[in-house]
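Chemist: What follows is query00.cif, made up of mmCIF, N, CA and C atoms:
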data_model
loop_
_atom_site.label_atom_id
_atom_site.label_comp_id
_atom_site.auth_asym_id
_atom_site.auth_seq_id
_atom_site.Cartn_x
_atom_site.Cartn_y
_atom_site.Cartn_z
N MET J 273 8.44 41.31 -6.75
CA MET J 273 8.71 41.76 -5.40
C MET J 273 9.45 40.64 -4.65
N ALA J 274 10.48 41.00 -3.92
CA ALA J 274 11.27 40.03 -3.16
C ALA J 274 10.47 39.52 -1.96
N LYS J 275 10.69 38.26 -1.63
CA LYS J 275 10.00 37.66 -0.50
C LYS J 275 10.67 38.10 0.80
N SER J 276 9.86 38.20 1.84
CA SER J 276 10.40 38.53 3.16
C SER J 276 11.18 37.34 3.70
N ARG J 277 11.96 37.59 4.72
CA ARG J 277 12.74 36.52 5.33
C ARG J 277 11.82 35.42 5.86
N THR J 278 10.73 35.80 6.49
CA THR J 278 9.78 34.81 7.02
C THR J 278 9.21 33.96 5.89
N GLU J 279 8.86 34.57 4.78
CA GLU J 279 8.34 33.82 3.64
C GLU J 279 9.38 32.86 3.09
N GLN J 280 10.63 33.29 3.03
CA GLN J 280 11.70 32.42 2.56
C GLN J 280 11.89 31.23 3.50
N LEU J 281 11.84 31.49 4.81
CA LEU J 281 11.97 30.42 5.79
C LEU J 281 10.81 29.43 5.67
N MET J 282 9.61 29.95 5.53
CA MET J 282 8.43 29.09 5.39
C MET J 282 8.53 28.23 4.12
N ASP J 283 8.97 28.82 3.03
CA ASP J 283 9.13 28.08 1.79
C ASP J 283 10.11 26.92 1.97
N ARG J 284 11.21 27.19 2.66
CA ARG J 284 12.22 26.13 2.85
C ARG J 284 11.70 25.04 3.78
N LEU J 285 10.95 25.41 4.80
CA LEU J 285 10.35 24.40 5.68
C LEU J 285 9.34 23.54 4.92
N ARG J 286 8.54 24.16 4.06
CA ARG J 286 7.58 23.39 3.26
C ARG J 286 8.30 22.45 2.30
N ASP J 287 9.41 22.91 1.71
CA ASP J 287 10.21 22.05 0.83
C ASP J 287 10.74 20.84 1.60
N LEU J 288 11.21 21.08 2.81
CA LEU J 288 11.72 19.99 3.64
C LEU J 288 10.62 18.99 3.94
N GLN J 289 9.46 19.48 4.31
CA GLN J 289 8.35 18.58 4.63
C GLN J 289 7.88 17.81 3.40
N SER J 290 7.85 18.45 2.26
CA SER J 290 7.36 17.77 1.06
C SER J 290 8.41 16.80 0.48
N SER J 291 9.68 16.99 0.83
CA SER J 291 10.72 16.10 0.31
C SER J 291 10.64 14.72 0.93
N SER J 292 10.00 14.60 2.06
CA SER J 292 9.87 13.32 2.73
C SER J 292 8.52 13.23 3.42
N GLY J 293 7.78 12.18 3.12
CA GLY J 293 6.51 11.97 3.79
C GLY J 293 6.67 11.64 5.25
N ASP J 294 7.91 11.39 5.68
CA ASP J 294 8.18 11.05 7.07
C ASP J 294 8.34 12.27 7.98
N VAL J 295 8.51 13.45 7.40
CA VAL J 295 8.62 14.68 8.19
C VAL J 295 7.21 15.18 8.48
N GLU J 296 6.86 15.15 9.75
CA GLU J 296 5.52 15.57 10.16
C GLU J 296 5.42 17.07 10.41
N ALA J 297 6.51 17.67 10.87
CA ALA J 297 6.50 19.09 11.21
C ALA J 297 7.92 19.61 11.25
N ALA J 298 8.04 20.94 11.16
CA ALA J 298 9.36 21.56 11.25
C ALA J 298 9.19 23.00 11.73
N ALA J 299 10.25 23.49 12.37
CA ALA J 299 10.24 24.87 12.85
C ALA J 299 11.66 25.39 12.84
N ILE J 300 11.78 26.69 12.63
CA ILE J 300 13.07 27.35 12.80
C ILE J 300 12.89 28.37 13.90
N VAL J 301 13.81 28.31 14.86
CA VAL J 301 13.68 29.04 16.11
C VAL J 301 14.97 29.80 16.38
N SER J 302 14.88 30.99 16.92
CA SER J 302 16.08 31.72 17.31
C SER J 302 16.70 31.05 18.53
N VAL J 303 17.99 31.27 18.76
CA VAL J 303 18.64 30.67 19.92
C VAL J 303 18.10 31.25 21.22
N ASP J 304 17.34 32.33 21.13
CA ASP J 304 16.68 32.91 22.30
C ASP J 304 15.34 32.24 22.58
N GLY J 305 14.93 31.31 21.70
CA GLY J 305 13.68 30.60 21.92
C GLY J 305 12.45 31.23 21.28
N LEU J 306 12.66 32.11 20.32
CA LEU J 306 11.53 32.75 19.64
C LEU J 306 11.32 32.11 18.27
N SER J 307 10.07 31.84 17.94
CA SER J 307 9.75 31.23 16.66
C SER J 307 10.02 32.20 15.52
N MET J 308 10.69 31.70 14.49
CA MET J 308 10.94 32.49 13.29
C MET J 308 9.99 32.06 12.17
N ALA J 309 9.72 30.74 12.10
CA ALA J 309 8.80 30.18 11.11
C ALA J 309 8.53 28.74 11.52
N SER J 310 7.31 28.27 11.25
CA SER J 310 7.01 26.88 11.60
C SER J 310 5.87 26.33 10.78
N ILE J 311 5.88 25.01 10.63
CA ILE J 311 4.76 24.27 10.07
C ILE J 311 4.49 23.14 11.06
N LEU J 312 3.68 23.47 12.04
CA LEU J 312 3.36 22.53 13.12
C LEU J 312 1.89 22.14 13.04
N PRO J 313 1.59 20.88 13.35
CA PRO J 313 0.18 20.46 13.35
C PRO J 313 -0.57 21.06 14.53
N GLY J 314 -1.89 21.07 14.44
CA GLY J 314 -2.71 21.54 15.54
C GLY J 314 -2.42 20.74 16.80
N GLY J 315 -2.55 21.39 17.92
CA GLY J 315 -2.30 20.71 19.18
C GLY J 315 -0.87 20.84 19.68
N ILE J 316 0.02 21.36 18.84
CA ILE J 316 1.41 21.59 19.27
C ILE J 316 1.60 23.10 19.38
N GLU J 317 1.97 23.55 20.57
CA GLU J 317 2.13 24.98 20.81
C GLU J 317 3.47 25.47 20.29
N GLU J 318 3.41 26.41 19.38
CA GLU J 318 4.61 26.95 18.74
C GLU J 318 5.58 27.54 19.77
N ASP J 319 5.07 28.27 20.75
CA ASP J 319 5.93 28.90 21.75
C ASP J 319 6.66 27.87 22.59
N ARG J 320 5.99 26.79 22.94
CA ARG J 320 6.63 25.74 23.74
C ARG J 320 7.72 25.03 22.94
N VAL J 321 7.40 24.71 21.68
CA VAL J 321 8.39 24.07 20.81
C VAL J 321 9.62 24.97 20.67
N SER J 322 9.39 26.25 20.49
CA SER J 322 10.49 27.20 20.33
C SER J 322 11.37 27.24 21.57
N ALA J 323 10.76 27.38 22.72
CA ALA J 323 11.53 27.46 23.97
C ALA J 323 12.30 26.16 24.23
N MET J 324 11.64 25.02 24.05
CA MET J 324 12.29 23.74 24.31
C MET J 324 13.42 23.48 23.32
N SER J 325 13.23 23.86 22.07
CA SER J 325 14.26 23.65 21.05
C SER J 325 15.52 24.43 21.38
N ALA J 326 15.35 25.69 21.74
CA ALA J 326 16.51 26.52 22.08
C ALA J 326 17.22 25.98 23.33
N ALA J 327 16.44 25.58 24.32
CA ALA J 327 17.03 25.05 25.56
C ALA J 327 17.77 23.74 25.30
N MET J 328 17.18 22.87 24.49
CA MET J 328 17.81 21.58 24.22
C MET J 328 19.10 21.75 23.43
N LEU J 329 19.12 22.64 22.46
CA LEU J 329 20.34 22.87 21.70
C LEU J 329 21.41 23.45 22.61
N SER J 330 21.05 24.38 23.46
CA SER J 330 22.00 24.97 24.40
C SER J 330 22.59 23.91 25.32
N LEU J 331 21.75 23.04 25.84
CA LEU J 331 22.22 21.96 26.71
C LEU J 331 23.14 21.01 25.95
N GLY J 332 22.77 20.69 24.71
CA GLY J 332 23.62 19.83 23.88
C GLY J 332 24.99 20.44 23.65
N GLU J 333 25.02 21.76 23.43
CA GLU J 333 26.30 22.45 23.24
C GLU J 333 27.15 22.37 24.50
N ARG J 334 26.53 22.53 25.64
CA ARG J 334 27.26 22.45 26.92
C ARG J 334 27.81 21.04 27.14
N ILE J 335 27.00 20.04 26.86
CA ILE J 335 27.44 18.65 27.03
C ILE J 335 28.60 18.35 26.09
N ALA J 336 28.46 18.71 24.82
CA ALA J 336 29.52 18.46 23.84
C ALA J 336 30.83 19.13 24.28
N GLY J 337 30.72 20.35 24.77
CA GLY J 337 31.91 21.07 25.22
C GLY J 337 32.54 20.44 26.46
N GLU J 338 31.72 20.13 27.45
CA GLU J 338 32.24 19.55 28.70
C GLU J 338 32.87 18.19 28.48
N LEU J 339 32.37 17.43 27.53
CA LEU J 339 32.89 16.09 27.27
C LEU J 339 33.88 16.05 26.11
N ASN J 340 34.35 17.22 25.72
CA ASN J 340 35.36 17.35 24.66
C ASN J 340 34.94 16.65 23.37
N ARG J 341 33.70 16.85 22.94
CA ARG J 341 33.20 16.26 21.71
C ARG J 341 33.24 17.26 20.56
N GLY J 342 33.76 18.44 20.80
CA GLY J 342 33.83 19.44 19.74
C GLY J 342 32.55 20.24 19.62
N GLU J 343 32.41 20.90 18.49
CA GLU J 343 31.24 21.74 18.25
C GLU J 343 30.01 20.87 17.98
N LEU J 344 28.91 21.20 18.63
CA LEU J 344 27.68 20.43 18.47
C LEU J 344 27.14 20.57 17.05
N ALA J 345 26.76 19.45 16.47
CA ALA J 345 26.15 19.46 15.13
C ALA J 345 24.65 19.22 15.23
N GLN J 346 24.25 18.33 16.13
CA GLN J 346 22.85 17.91 16.13
C GLN J 346 22.49 17.23 17.44
N VAL J 347 21.22 17.35 17.81
CA VAL J 347 20.66 16.61 18.95
C VAL J 347 19.50 15.80 18.41
N ASN J 348 19.52 14.49 18.67
CA ASN J 348 18.44 13.62 18.21
C ASN J 348 17.73 13.03 19.42
N VAL J 349 16.41 13.06 19.39
CA VAL J 349 15.60 12.48 20.44
C VAL J 349 14.70 11.43 19.79
N ARG J 350 14.73 10.22 20.33
CA ARG J 350 13.88 9.15 19.79
C ARG J 350 12.91 8.73 20.88
N GLY J 351 11.63 8.78 20.54
CA GLY J 351 10.58 8.35 21.45
C GLY J 351 9.75 7.25 20.83
N ASP J 352 8.79 6.74 21.56
CA ASP J 352 7.93 5.68 21.06
C ASP J 352 7.20 6.06 19.78
N ASN J 353 6.90 7.35 19.62
CA ASN J 353 6.11 7.80 18.47
C ASN J 353 6.92 8.49 17.39
N GLY J 354 8.25 8.48 17.50
CA GLY J 354 9.05 9.07 16.44
C GLY J 354 10.25 9.83 16.95
N TYR J 355 10.74 10.72 16.10
CA TYR J 355 11.99 11.42 16.33
C TYR J 355 11.79 12.93 16.37
N VAL J 356 12.67 13.57 17.13
CA VAL J 356 12.82 15.02 17.09
C VAL J 356 14.30 15.26 16.80
N ILE J 357 14.57 16.02 15.75
CA ILE J 357 15.94 16.29 15.33
C ILE J 357 16.16 17.80 15.44
N LEU J 358 17.14 18.20 16.24
CA LEU J 358 17.46 19.61 16.44
C LEU J 358 18.84 19.86 15.84
N THR J 359 18.93 20.83 14.94
CA THR J 359 20.18 21.11 14.25
C THR J 359 20.45 22.61 14.29
N ALA J 360 21.67 22.97 14.64
CA ALA J 360 22.05 24.38 14.65
C ALA J 360 22.02 24.93 13.23
N VAL J 361 21.51 26.13 13.10
CA VAL J 361 21.52 26.86 11.83
C VAL J 361 22.41 28.07 12.07
N GLY J 362 23.69 27.91 11.79
CA GLY J 362 24.66 28.94 12.14
C GLY J 362 24.69 29.11 13.64
N GLU J 363 24.90 30.33 14.08
CA GLU J 363 24.94 30.60 15.52
C GLU J 363 23.68 31.28 16.00
N GLU J 364 22.73 31.51 15.11
CA GLU J 364 21.56 32.31 15.45
C GLU J 364 20.25 31.55 15.55
N ALA J 365 20.20 30.30 15.07
CA ALA J 365 18.92 29.62 15.01
C ALA J 365 19.05 28.10 15.15
N VAL J 366 17.91 27.48 15.33
CA VAL J 366 17.80 26.02 15.49
C VAL J 366 16.71 25.53 14.53
N LEU J 367 17.00 24.47 13.79
CA LEU J 367 15.98 23.81 12.98
C LEU J 367 15.50 22.60 13.77
N THR J 368 14.20 22.55 14.02
CA THR J 368 13.59 21.42 14.72
C THR J 368 12.72 20.67 13.72
N VAL J 369 12.97 19.37 13.60
CA VAL J 369 12.21 18.52 12.68
C VAL J 369 11.59 17.38 13.47
N ILE J 370 10.31 17.15 13.26
CA ILE J 370 9.59 16.05 13.90
C ILE J 370 9.29 15.01 12.82
N ALA J 371 9.73 13.77 13.08
CA ALA J 371 9.59 12.71 12.07
C ALA J 371 8.85 11.50 12.65
N ARG J 372 8.20 10.77 11.77
CA ARG J 372 7.45 9.56 12.15
C ARG J 372 8.37 8.49 12.72
N LYS J 373 7.78 7.57 13.47
CA LYS J 373 8.59 6.53 14.12
C LYS J 373 9.19 5.55 13.13
N ASP J 374 8.56 5.35 11.98
CA ASP J 374 9.10 4.42 10.99
C ASP J 374 9.87 5.15 9.88
N ALA J 375 10.31 6.35 10.18
CA ALA J 375 11.01 7.18 9.20
C ALA J 375 12.35 6.58 8.80
N LYS J 376 12.73 6.83 7.58
CA LYS J 376 14.06 6.46 7.10
C LYS J 376 15.00 7.58 7.55
N LEU J 377 15.58 7.38 8.71
CA LEU J 377 16.33 8.44 9.38
C LEU J 377 17.51 8.96 8.55
N GLY J 378 18.20 8.08 7.85
CA GLY J 378 19.33 8.51 7.02
C GLY J 378 18.91 9.52 5.97
N LEU J 379 17.77 9.28 5.32
CA LEU J 379 17.29 10.20 4.30
C LEU J 379 16.85 11.53 4.90
N ILE J 380 16.21 11.44 6.06
CA ILE J 380 15.78 12.68 6.72
C ILE J 380 16.99 13.51 7.14
N LEU J 381 18.02 12.85 7.67
CA LEU J 381 19.22 13.59 8.08
C LEU J 381 19.90 14.25 6.88
N LEU J 382 19.88 13.59 5.75
CA LEU J 382 20.42 14.19 4.52
C LEU J 382 19.60 15.42 4.12
N ASP J 383 18.27 15.29 4.15
CA ASP J 383 17.40 16.43 3.83
C ASP J 383 17.59 17.57 4.82
N VAL J 384 17.77 17.24 6.10
CA VAL J 384 17.98 18.26 7.13
C VAL J 384 19.29 19.00 6.87
N THR J 385 20.34 18.27 6.53
CA THR J 385 21.63 18.89 6.24
C THR J 385 21.52 19.86 5.08
N ARG J 386 20.82 19.46 4.04
CA ARG J 386 20.62 20.34 2.88
C ARG J 386 19.80 21.56 3.25
N ALA J 387 18.75 21.35 4.06
CA ALA J 387 17.91 22.47 4.48
C ALA J 387 18.71 23.47 5.30
N VAL J 388 19.55 22.97 6.20
CA VAL J 388 20.36 23.86 7.04
C VAL J 388 21.28 24.71 6.17
N GLU J 389 21.87 24.12 5.16
CA GLU J 389 22.75 24.90 4.25
C GLU J 389 21.99 26.08 3.64
N ASP J 390 20.74 25.81 3.22
CA ASP J 390 19.91 26.88 2.65
C ASP J 390 19.48 27.89 3.70
N LEU J 391 19.11 27.41 4.88
CA LEU J 391 18.62 28.27 5.94
C LEU J 391 19.69 29.23 6.46
N VAL J 392 20.93 28.77 6.51
CA VAL J 392 22.02 29.64 6.97
C VAL J 392 22.08 30.91 6.12
N ALA J 393 21.85 30.76 4.84
CA ALA J 393 21.90 31.92 3.94
C ALA J 393 20.71 32.87 4.16
N ILE J 394 19.60 32.35 4.68
CA ILE J 394 18.40 33.16 4.89
C ILE J 394 18.43 33.85 6.25
N VAL J 395 18.84 33.08 7.26
CA VAL J 395 18.83 33.61 8.64
C VAL J 395 19.86 34.67 8.76
#
How would this structure read if it were set down as structure tokens?

Modeler:
Amino acid sequence: MAKSRTEQLMDRLRDLQSSSGDVEAAAIVSVDGLSMASILPGGIEEDRVSAMSAAMLSLGERIAGELNRGELAQVNVRGDNGYVILTAVGEEAVLTVIARKDAKLGLILLDVTRAVEDLVAIV
């Protein structure tokens, strides 16, 4: 039996998390701010992450356009406790990845790029 789209998304998120011990959580969200699939730890509200991810990507797109930086590829947020990486998945979704503060960012960005390639085909 073929897997549902949600199951395929969850599988890819789990693969992303298992590929690096530095990825603490991940979610794929529609550009409307609705959760499509997520692996978030307790204490993090899926609906809030979804809404904030969509809003942040939209704002990043507006900034990139207004400042003539071309099409937005990614928004990175670095805080005292780690990173949040938001990446467009085609025109319909956003991949949000939460990484540890001591993460090897180059490797995570490579894994994120590969995940997005796979996710575009699913979404």

Chemist: Find the spatial neighbours of stretch 294-308 of chain J, counting only C-alpha atoms, within a cut-off of 6 Å - ignore same-chain residues fewer than 3 positions away - and output them as a list in words.

Modeler: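 Everything that qualifies: Gln289, Ile311, Leu312, Ser322, Ala323, Ala326, Glu364, Ala365, Val366, Leu367, Thr368, Val369, Ile370, Ala371, Arg372 and Ala375 of chain J.
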
Chemist: With N, CA and C atoms retained, could you export that selection as a PDB file, in the frame of the given file?

Modeler:
ATOM      1  N   GLN J 289       9.460  19.480   4.310  1.00  0.00           N
ATOM      2  CA  GLN J 289       8.350  18.580   4.630  1.00  0.00           C
ATOM      3  C   GLN J 289       7.880  17.810   3.400  1.00  0.00           C
ATOM      4  N   ILE J 311       5.880  25.010  10.630  1.00  0.00           N
ATOM      5  CA  ILE J 311       4.760  24.270  10.070  1.00  0.00           C
ATOM      6  C   ILE J 311       4.490  23.140  11.060  1.00  0.00           C
ATOM      7  N   LEU J 312       3.680  23.470  12.040  1.00  0.00           N
ATOM      8  CA  LEU J 312       3.360  22.530  13.120  1.00  0.00           C
ATOM      9  C   LEU J 312       1.890  22.140  13.040  1.00  0.00           C
ATOM     10  N   SER J 322       9.390  26.250  20.490  1.00  0.00           N
ATOM     11  CA  SER J 322      10.490  27.200  20.330  1.00  0.00           C
ATOM     12  C   SER J 322      11.370  27.240  21.570  1.00  0.00           C
ATOM     13  N   ALA J 323      10.760  27.380  22.720  1.00  0.00           N
ATOM     14  CA  ALA J 323      11.530  27.460  23.970  1.00  0.00           C
ATOM     15  C   ALA J 323      12.300  26.160  24.230  1.00  0.00           C
ATOM     16  N   ALA J 326      15.350  25.690  21.740  1.00  0.00           N
ATOM     17  CA  ALA J 326      16.510  26.520  22.080  1.00  0.00           C
ATOM     18  C   ALA J 326      17.220  25.980  23.330  1.00  0.00           C
ATOM     19  N   GLU J 364      22.730  31.510  15.110  1.00  0.00           N
ATOM     20  CA  GLU J 364      21.560  32.310  15.450  1.00  0.00           C
ATOM     21  C   GLU J 364      20.250  31.550  15.550  1.00  0.00           C
ATOM     22  N   ALA J 365      20.200  30.300  15.070  1.00  0.00           N
ATOM     23  CA  ALA J 365      18.920  29.620  15.010  1.00  0.00           C
ATOM     24  C   ALA J 365      19.050  28.100  15.150  1.00  0.00           C
ATOM     25  N   VAL J 366      17.910  27.480  15.330  1.00  0.00           N
ATOM     26  CA  VAL J 366      17.800  26.020  15.490  1.00  0.00           C
ATOM     27  C   VAL J 366      16.710  25.530  14.530  1.00  0.00           C
ATOM     28  N   LEU J 367      17.000  24.470  13.790  1.00  0.00           N
ATOM     29  CA  LEU J 367      15.980  23.810  12.980  1.00  0.00           C
ATOM     30  C   LEU J 367      15.500  22.600  13.770  1.00  0.00           C
ATOM     31  N   THR J 368      14.200  22.550  14.020  1.00  0.00           N
ATOM     32  CA  THR J 368      13.590  21.420  14.720  1.00  0.00           C
ATOM     33  C   THR J 368      12.720  20.670  13.720  1.00  0.00           C
ATOM     34  N   VAL J 369      12.970  19.370  13.600  1.00  0.00           N
ATOM     35  CA  VAL J 369      12.210  18.520  12.680  1.00  0.00           C
ATOM     36  C   VAL J 369      11.590  17.380  13.470  1.00  0.00           C
ATOM     37  N   ILE J 370      10.310  17.150  13.260  1.00  0.00           N
ATOM     38  CA  ILE J 370       9.590  16.050  13.900  1.00  0.00           C
ATOM     39  C   ILE J 370       9.290  15.010  12.820  1.00  0.00           C
ATOM     40  N   ALA J 371       9.730  13.770  13.080  1.00  0.00           N
ATOM     41  CA  ALA J 371       9.590  12.710  12.070  1.00  0.00           C
ATOM     42  C   ALA J 371       8.850  11.500  12.650  1.00  0.00           C
ATOM     43  N   ARG J 372       8.200  10.770  11.770  1.00  0.00           N
ATOM     44  CA  ARG J 372       7.450   9.560  12.150  1.00  0.00           C
ATOM     45  C   ARG J 372       8.370   8.490  12.720  1.00  0.00           C
ATOM     46  N   ALA J 375      10.310   6.350  10.180  1.00  0.00           N
ATOM     47  CA  ALA J 375      11.010   7.180   9.200  1.00  0.00           C
ATOM     48  C   ALA J 375      12.350   6.580   8.800  1.00  0.00           C
TER      49      ALA J 375
END

Chemist: Work out how far apart atom CA of J:Val347 and atom CA of J:Ser276 are and give it in Å to one decimal.

Modeler: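 Taking atom CA of J:Val347 as the start and atom CA of J:Ser276 as the end point, the length is 28.9 Å.
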
Chemist: I'd like the interatomic distance between atom C of J:Met282 and atom CA of J:Glu318, to a tenth of an Å.

Modeler: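 We find that atom C of J:Met282 and atom CA of J:Glu318 lie 15.2 Å from each other.
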
Chemist: Spell out the residues picked by the PyMOL selection byres ((chain J and resi 329-337) around 8) here, as a compact mmCIF listing (two decimals) with N, CA and C atoms, keeping the file's coordinate frame.

Modeler:
# COMPACT_ATOMS: atom_id res chain seq x y z
N VAL J 303 17.99 31.27 18.76
CA VAL J 303 18.64 30.67 19.92
C VAL J 303 18.10 31.25 21.22
N ALA J 323 10.76 27.38 22.72
CA ALA J 323 11.53 27.46 23.97
C ALA J 323 12.30 26.16 24.23
N MET J 324 11.64 25.02 24.05
CA MET J 324 12.29 23.74 24.31
C MET J 324 13.42 23.48 23.32
N SER J 325 13.23 23.86 22.07
CA SER J 325 14.26 23.65 21.05
C SER J 325 15.52 24.43 21.38
N ALA J 326 15.35 25.69 21.74
CA ALA J 326 16.51 26.52 22.08
C ALA J 326 17.22 25.98 23.33
N ALA J 327 16.44 25.58 24.32
CA ALA J 327 17.03 25.05 25.56
C ALA J 327 17.77 23.74 25.30
N MET J 328 17.18 22.87 24.49
CA MET J 328 17.81 21.58 24.22
C MET J 328 19.10 21.75 23.43
N GLU J 338 31.72 20.13 27.45
CA GLU J 338 32.24 19.55 28.70
C GLU J 338 32.87 18.19 28.48
N LEU J 339 32.37 17.43 27.53
CA LEU J 339 32.89 16.09 27.27
C LEU J 339 33.88 16.05 26.11
N ASN J 340 34.35 17.22 25.72
CA ASN J 340 35.36 17.35 24.66
C ASN J 340 34.94 16.65 23.37
N ARG J 341 33.70 16.85 22.94
CA ARG J 341 33.20 16.26 21.71
C ARG J 341 33.24 17.26 20.56
N GLY J 342 33.76 18.44 20.80
CA GLY J 342 33.83 19.44 19.74
C GLY J 342 32.55 20.24 19.62
N GLU J 343 32.41 20.90 18.49
CA GLU J 343 31.24 21.74 18.25
C GLU J 343 30.01 20.87 17.98
N LEU J 344 28.91 21.20 18.63
CA LEU J 344 27.68 20.43 18.47
C LEU J 344 27.14 20.57 17.05
N ALA J 345 26.76 19.45 16.47
CA ALA J 345 26.15 19.46 15.13
C ALA J 345 24.65 19.22 15.23
N GLN J 346 24.25 18.33 16.13
CA GLN J 346 22.85 17.91 16.13
C GLN J 346 22.49 17.23 17.44
N VAL J 347 21.22 17.35 17.81
CA VAL J 347 20.66 16.61 18.95
C VAL J 347 19.50 15.80 18.41
N LEU J 358 17.14 18.20 16.24
CA LEU J 358 17.46 19.61 16.44
C LEU J 358 18.84 19.86 15.84
N THR J 359 18.93 20.83 14.94
CA THR J 359 20.18 21.11 14.25
C THR J 359 20.45 22.61 14.29
N ALA J 360 21.67 22.97 14.64
CA ALA J 360 22.05 24.38 14.65
C ALA J 360 22.02 24.93 13.23
N VAL J 366 17.91 27.48 15.33
CA VAL J 366 17.80 26.02 15.49
C VAL J 366 16.71 25.53 14.53

Chemist: Could you state the separation of atom C of J:Asp390 and atom N of J:Thr278 in Å, given to one decimal place?

Modeler: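 These two atoms are separated by 12.1 Å.
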
Chemist: Box for stretch 348-367 of chain J: with edges along x, y and z, all listed atoms inside and 3 Å added on each side, what are the centre and edge lengths in Å to one decimal, as lines of an AutoDock Vina configuration file?

Modeler:
center_x = 15.5
center_y = 19.0
center_z = 16.7
size_x = 24.8
size_y = 32.6
size_z = 15.8

Chemist: Which is closer to J:Asp287 than all the others in J:Val361, J:Ile394, J:Val321, J:Val384, using only C-alpha atoms?

Modeler: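 Comparing J:Val361, J:Ile394, J:Val321, J:Val384 against J:Asp287, the winner is J:Val384.
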
Chemist: Run DSSP on the backbone and tell me which residues of chain J come out as strand (DSSP E); list them as an MDAnalysis selection string.

Modeler: chainID J and resid 295:302 307:311 346:351 354:361 365:372

Chemist: Could those residues be written to a file, using N, CA and C atoms, as a short mmCIF file (atom, residue, chain, number, x, y, z; two decimals), keeping the file's coordinate frame?

Modeler:
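Dumped everything to out.cif:
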data_model
loop_
_atom_site.label_atom_id
_atom_site.label_comp_id
_atom_site.auth_asym_id
_atom_site.auth_seq_id
_atom_site.Cartn_x
_atom_site.Cartn_y
_atom_site.Cartn_z
N VAL J 295 8.51 13.45 7.40
CA VAL J 295 8.62 14.68 8.19
C VAL J 295 7.21 15.18 8.48
N GLU J 296 6.86 15.15 9.75
CA GLU J 296 5.52 15.57 10.16
C GLU J 296 5.42 17.07 10.41
N ALA J 297 6.51 17.67 10.87
CA ALA J 297 6.50 19.09 11.21
C ALA J 297 7.92 19.61 11.25
N ALA J 298 8.04 20.94 11.16
CA ALA J 298 9.36 21.56 11.25
C ALA J 298 9.19 23.00 11.73
N ALA J 299 10.25 23.49 12.37
CA ALA J 299 10.24 24.87 12.85
C ALA J 299 11.66 25.39 12.84
N ILE J 300 11.78 26.69 12.63
CA ILE J 300 13.07 27.35 12.80
C ILE J 300 12.89 28.37 13.90
N VAL J 301 13.81 28.31 14.86
CA VAL J 301 13.68 29.04 16.11
C VAL J 301 14.97 29.80 16.38
N SER J 302 14.88 30.99 16.92
CA SER J 302 16.08 31.72 17.31
C SER J 302 16.70 31.05 18.53
N SER J 307 10.07 31.84 17.94
CA SER J 307 9.75 31.23 16.66
C SER J 307 10.02 32.20 15.52
N MET J 308 10.69 31.70 14.49
CA MET J 308 10.94 32.49 13.29
C MET J 308 9.99 32.06 12.17
N ALA J 309 9.72 30.74 12.10
CA ALA J 309 8.80 30.18 11.11
C ALA J 309 8.53 28.74 11.52
N SER J 310 7.31 28.27 11.25
CA SER J 310 7.01 26.88 11.60
C SER J 310 5.87 26.33 10.78
N ILE J 311 5.88 25.01 10.63
CA ILE J 311 4.76 24.27 10.07
C ILE J 311 4.49 23.14 11.06
N GLN J 346 24.25 18.33 16.13
CA GLN J 346 22.85 17.91 16.13
C GLN J 346 22.49 17.23 17.44
N VAL J 347 21.22 17.35 17.81
CA VAL J 347 20.66 16.61 18.95
C VAL J 347 19.50 15.80 18.41
N ASN J 348 19.52 14.49 18.67
CA ASN J 348 18.44 13.62 18.21
C ASN J 348 17.73 13.03 19.42
N VAL J 349 16.41 13.06 19.39
CA VAL J 349 15.60 12.48 20.44
C VAL J 349 14.70 11.43 19.79
N ARG J 350 14.73 10.22 20.33
CA ARG J 350 13.88 9.15 19.79
C ARG J 350 12.91 8.73 20.88
N GLY J 351 11.63 8.78 20.54
CA GLY J 351 10.58 8.35 21.45
C GLY J 351 9.75 7.25 20.83
N GLY J 354 8.25 8.48 17.50
CA GLY J 354 9.05 9.07 16.44
C GLY J 354 10.25 9.83 16.95
N TYR J 355 10.74 10.72 16.10
CA TYR J 355 11.99 11.42 16.33
C TYR J 355 11.79 12.93 16.37
N VAL J 356 12.67 13.57 17.13
CA VAL J 356 12.82 15.02 17.09
C VAL J 356 14.30 15.26 16.80
N ILE J 357 14.57 16.02 15.75
CA ILE J 357 15.94 16.29 15.33
C ILE J 357 16.16 17.80 15.44
N LEU J 358 17.14 18.20 16.24
CA LEU J 358 17.46 19.61 16.44
C LEU J 358 18.84 19.86 15.84
N THR J 359 18.93 20.83 14.94
CA THR J 359 20.18 21.11 14.25
C THR J 359 20.45 22.61 14.29
N ALA J 360 21.67 22.97 14.64
CA ALA J 360 22.05 24.38 14.65
C ALA J 360 22.02 24.93 13.23
N VAL J 361 21.51 26.13 13.10
CA VAL J 361 21.52 26.86 11.83
C VAL J 361 22.41 28.07 12.07
N ALA J 365 20.20 30.30 15.07
CA ALA J 365 18.92 29.62 15.01
C ALA J 365 19.05 28.10 15.15
N VAL J 366 17.91 27.48 15.33
CA VAL J 366 17.80 26.02 15.49
C VAL J 366 16.71 25.53 14.53
N LEU J 367 17.00 24.47 13.79
CA LEU J 367 15.98 23.81 12.98
C LEU J 367 15.50 22.60 13.77
N THR J 368 14.20 22.55 14.02
CA THR J 368 13.59 21.42 14.72
C THR J 368 12.72 20.67 13.72
N VAL J 369 12.97 19.37 13.60
CA VAL J 369 12.21 18.52 12.68
C VAL J 369 11.59 17.38 13.47
N ILE J 370 10.31 17.15 13.26
CA ILE J 370 9.59 16.05 13.90
C ILE J 370 9.29 15.01 12.82
N ALA J 371 9.73 13.77 13.08
CA ALA J 371 9.59 12.71 12.07
C ALA J 371 8.85 11.50 12.65
N ARG J 372 8.20 10.77 11.77
CA ARG J 372 7.45 9.56 12.15
C ARG J 372 8.37 8.49 12.72
#

Chemist: If you run DSSP on this backbone, which residues of chain J come out as alpha helix (DSSP H), and could you give them as an NGL selection string?

Modeler: :J and (277-291 or 318-338 or 377-394)

Chemist: Taking 2 positions as the minimum chain separation for residues in the same chain, which residues sit within 8 Å of J:Leu391 when counting all atoms listed in the file? Answer as a ChimeraX atom specification.

Modeler: /J:280-281,284,361-362,385-389,393-395
